[in-house]
Amino acid sequence: MICCVVLMLFAVGYGAMTRHVPEAGAFYAYVQHGLGRANGRGAAYLALVTYTAVQVAVYGYIGAVAADLVQHYGGPALPWWLWAAVALAGVGLLGYRHIELSGKVLGVLLLCEVGIVLVLDAAVIARGGGPSGLSTALLQPGQVGSGSLGLGLVFAIASYLGFEATAIFRDEARDPQRTIPRATYISLIVIGGFYTLSSWAVVSAWGDTEAVKAAGTDPGGMLLTTMQRQLGATAADIAEVLLMTSLFAAALSFHNVLARYGFSLGASGALPLRCSSRHERHGSPHVTSVLQSISAALFVAVCAAFRMDPVTQVFAWLAGTATLGVLLLMSLTCLAVIVYFRRTRRDPRFWHTLAAPGLGLLALGRQLPPADRWFDGAGDRSGRHTRRGLRDRRTPRARPAPAGHRGRRRAARSRGRLITSPEAGARSRSRGQPGRGPRTQGGRAGAPAPGRA
C-alpha cells in the first residue's frame, strides 16, 4: 500500500507529461524534454539494459519452474535453459505479430492467475482467517514500520515493474492524451488493491507470528502451502501451473516494451533507422522484436554456458539490477517533469507539475540505498531458500514412485487430509517452488513476477 502511494506520486507527473510530449519513448522522451538530449539518450539506454535484465531474469525463472514442474509429474530431467528457450520462442512469435494477439493471450492468463488468488482470499475471509482470526497488523503503525521497511519497499516496487509501460504504447492507443494517464492510474490502483488484499489474506491464514516464521522458513513455497491448506492439493497444483504461465506473460510484456523502446530510438536516430520500421501486415515493430529475441537468446546462452544457477544467480542478480535501474529511471523522470514545467510553464497545475513529482522524487530517491543492499546478500539468502526448495522437490520425484504411493496420494487428496509426520511433512514441503521474488510478486499472485504492462 505504501509502495502504491509512492508510485502514484510518480504517476501524477508522468501522466501530466503525456499531454505535452507526443512521443512513445516514455522515460527516454520525458527525460530528453526535461533534462536535455544527452540525458534522454542515457535514460533510453538505461531503460534498454533494465528491461533486458528483467526479461532474462524471468527466462531463468521460467526455466527453473518448468524443469521442476515437469519432473514433479514424472517427466524427464531436462536443463533449465531448454525450457527457457521454448518460452523465448513463444514470446518471440507473439511479439512479432500484432499487439492485439499478445493482449488477448495476456488477458486470458491474467484472468486465470488473478482468479485463483481471489478464490484463496475469499476462502480465508469466509473462514475468519487462521487460528488467531483475521490479521489486524495492517492497522498497527508499529507493525507496518517494523523490520527492514526500506528493503521491503524495494521488493514491492519490483512487483510493480511494467505499470509505467502504458506510455510506450502511445502510438497504438486511440486517444493517448486521455487513455494513458487513466490506464496508469487504474493499473496502480488495481494492482495495489490486489496485492494488499492478497498479502493480508495470506498473513491472516497463518496468523501474524506464524506468517513471519513461515516466510522465513520457506519463502518460495509459502503461497502454495497456504493454497493447499485452504483449498486443497488440486488448487495448489493449478497454482503451480499458473505460476509458470504468469512468468511467460511477464516475459511477453517486457518483450513488447523493449521492442517499442527500440522502435522509438530508431525513429529518433539513437539506433539505426531500420529499427523504426513496422511490419506491413501486423503493424508491429518487427525488426526490434526480432533483435530483442536474438539478444535474449544470447544472454540465456551465456548464462547456460557459464552454468549459472537460474534462480540464485540469473534471476536474483538480474532482477536486482532491473529494480535499481527502474528506480533511477523513475527518479530521473520526476526531476525531468519538474524542470520541464518550470521552464515551459505549459501547465499551471501546482500539484501535477511540482508537488507530486517532487514528493515522488524524494520517496524514490530514498529507496536507492536499500536497493543497493539487494546485492549485499539479501538476494542470495532468498535465493538459497528458493533453490533448496527446488532440490527438495526434485530429488524424490526423480525416480518413478510405486503405484501404491500414487494411490495413497490420491486417497489423501480425496479426504483433504494434511499429513503432519516429519517424513510426510518433508514431502509436503517439497511441493514448494521458487517464489516470484522481486514481479513478480507480477504475477503477480504470490511474490509477483515483475509486473506486466
# chains A, B, ... in the order shown; residues from 1 in each chain; ligands from 1

call {"tool": "residues_around", "arguments": {"residues": "Tyr45 in chain A", "least_positions_apart": "5", "cutoff": "9 Å", "atoms": "only C-alpha atoms", "output": "list in words"}}
result
Tyr28, Gly40 and Thr50 of chain A

call {"tool": "write_last_selection", "arguments": {"atoms": "all heavy atoms", "output": "PDB file, in the first residue's frame"}}
result
ATOM      1  N   TYR A  28      12.585   7.744 -21.816  1.00  0.00           N
ATOM      2  CA  TYR A  28      13.538   8.401 -22.724  1.00  0.00           C
ATOM      3  C   TYR A  28      13.007   9.751 -23.196  1.00  0.00           C
ATOM      4  O   TYR A  28      13.709  10.777 -23.123  1.00  0.00           O
ATOM      5  CB  TYR A  28      13.817   7.456 -23.897  1.00  0.00           C
ATOM      6  CG  TYR A  28      14.163   8.147 -25.191  1.00  0.00           C
ATOM      7  CD1 TYR A  28      15.341   8.883 -25.314  1.00  0.00           C
ATOM      8  CD2 TYR A  28      13.334   8.050 -26.307  1.00  0.00           C
ATOM      9  CE1 TYR A  28      15.664   9.507 -26.500  1.00  0.00           C
ATOM     10  CE2 TYR A  28      13.649   8.654 -27.498  1.00  0.00           C
ATOM     11  CZ  TYR A  28      14.814   9.385 -27.598  1.00  0.00           C
ATOM     12  OH  TYR A  28      15.136  10.003 -28.767  1.00  0.00           O
ATOM     13  N   GLY A  40      18.578  12.301 -22.070  1.00  0.00           N
ATOM     14  CA  GLY A  40      17.487  11.490 -22.592  1.00  0.00           C
ATOM     15  C   GLY A  40      17.993  10.199 -23.216  1.00  0.00           C
ATOM     16  O   GLY A  40      17.445   9.122 -22.992  1.00  0.00           O
ATOM     17  N   THR A  50      17.819  -2.160 -18.479  1.00  0.00           N
ATOM     18  CA  THR A  50      16.943  -2.543 -17.357  1.00  0.00           C
ATOM     19  C   THR A  50      15.923  -3.590 -17.765  1.00  0.00           C
ATOM     20  O   THR A  50      15.775  -4.637 -17.109  1.00  0.00           O
ATOM     21  CB  THR A  50      16.224  -1.296 -16.817  1.00  0.00           C
ATOM     22  OG1 THR A  50      17.193  -0.406 -16.257  1.00  0.00           O
ATOM     23  CG2 THR A  50      15.210  -1.676 -15.752  1.00  0.00           C
TER      24      THR A  50
END

call {"tool": "closest_atom_pairs", "arguments": {"of": "range 252-348 of chain A", "to": "range 166-175 of chain A", "cutoff": "9 Å", "atoms": "only C-alpha atoms", "output": "tab-separated table"}}
result
residue	atom	partner	partner_atom	distance
A:Val257	CA	A:Ile168	CA	6.8
A:Arg260	CA	A:Ile168	CA	6.6
A:Tyr261	CA	A:Ile168	CA	7.1
A:Ser264	CA	A:Ile168	CA	8.7

call {"tool": "residues_around", "arguments": {"residues": "Ala205 in chain A", "least_positions_apart": "2", "cutoff": "7 Å", "atoms": "only C-alpha atoms", "output": "PyMOL selection string"}}
result
chain A and resi 124+129-130+201-203+207

call {"tool": "write_last_selection", "arguments": {"atoms": "N, CA, C and O atoms", "output": "PDB file, in the first residue's frame"}}
result
ATOM      1  N   VAL A 124     -10.152 -17.608   2.773  1.00  0.00           N
ATOM      2  CA  VAL A 124      -9.573 -17.198   4.058  1.00  0.00           C
ATOM      3  C   VAL A 124     -10.535 -16.288   4.800  1.00  0.00           C
ATOM      4  O   VAL A 124     -10.777 -16.448   6.009  1.00  0.00           O
ATOM      5  N   GLY A 129     -10.104 -16.320   8.788  1.00  0.00           N
ATOM      6  CA  GLY A 129      -8.658 -16.357   8.970  1.00  0.00           C
ATOM      7  C   GLY A 129      -8.192 -17.660   9.590  1.00  0.00           C
ATOM      8  O   GLY A 129      -8.889 -18.681   9.558  1.00  0.00           O
ATOM      9  N   GLY A 130      -7.007 -17.628  10.170  1.00  0.00           N
ATOM     10  CA  GLY A 130      -6.423 -18.802  10.795  1.00  0.00           C
ATOM     11  C   GLY A 130      -6.815 -18.936  12.254  1.00  0.00           C
ATOM     12  O   GLY A 130      -7.841 -18.384  12.686  1.00  0.00           O
ATOM     13  N   ALA A 201      -4.627 -11.526   3.276  1.00  0.00           N
ATOM     14  CA  ALA A 201      -5.305 -12.819   3.388  1.00  0.00           C
ATOM     15  C   ALA A 201      -4.312 -13.930   3.731  1.00  0.00           C
ATOM     16  O   ALA A 201      -4.605 -14.801   4.563  1.00  0.00           O
ATOM     17  N   VAL A 202      -3.137 -13.913   3.109  1.00  0.00           N
ATOM     18  CA  VAL A 202      -2.130 -14.943   3.392  1.00  0.00           C
ATOM     19  C   VAL A 202      -1.653 -14.835   4.840  1.00  0.00           C
ATOM     20  O   VAL A 202      -1.514 -15.837   5.548  1.00  0.00           O
ATOM     21  N   VAL A 203      -1.399 -13.607   5.299  1.00  0.00           N
ATOM     22  CA  VAL A 203      -0.986 -13.414   6.689  1.00  0.00           C
ATOM     23  C   VAL A 203      -2.085 -13.871   7.642  1.00  0.00           C
ATOM     24  O   VAL A 203      -1.828 -14.523   8.665  1.00  0.00           O
ATOM     25  N   GLY A 207      -1.711 -16.345  10.673  1.00  0.00           N
ATOM     26  CA  GLY A 207      -1.562 -15.620  11.936  1.00  0.00           C
ATOM     27  C   GLY A 207      -0.303 -14.778  11.858  1.00  0.00           C
ATOM     28  O   GLY A 207       0.675 -15.153  11.192  1.00  0.00           O
TER      29      GLY A 207
END

call {"tool": "residues_around", "arguments": {"residues": "Ile2 in chain A", "least_positions_apart": "5", "cutoff": "12 Å", "atoms": "only C-alpha atoms", "output": "JSON, numbers by chain"}}
result
{"A": [7, 8, 9, 138, 141, 144, 145, 149, 150, 152, 153, 154, 156, 157, 188, 189, 192, 193, 195, 196, 363, 364]}

call {"tool": "closest_residue", "arguments": {"among": "A:Gly36, A:Gly13, A:Pro131, A:Gly63", "to": "Val311 in chain A", "atoms": "only C-alpha atoms"}}
result
A:Gly63
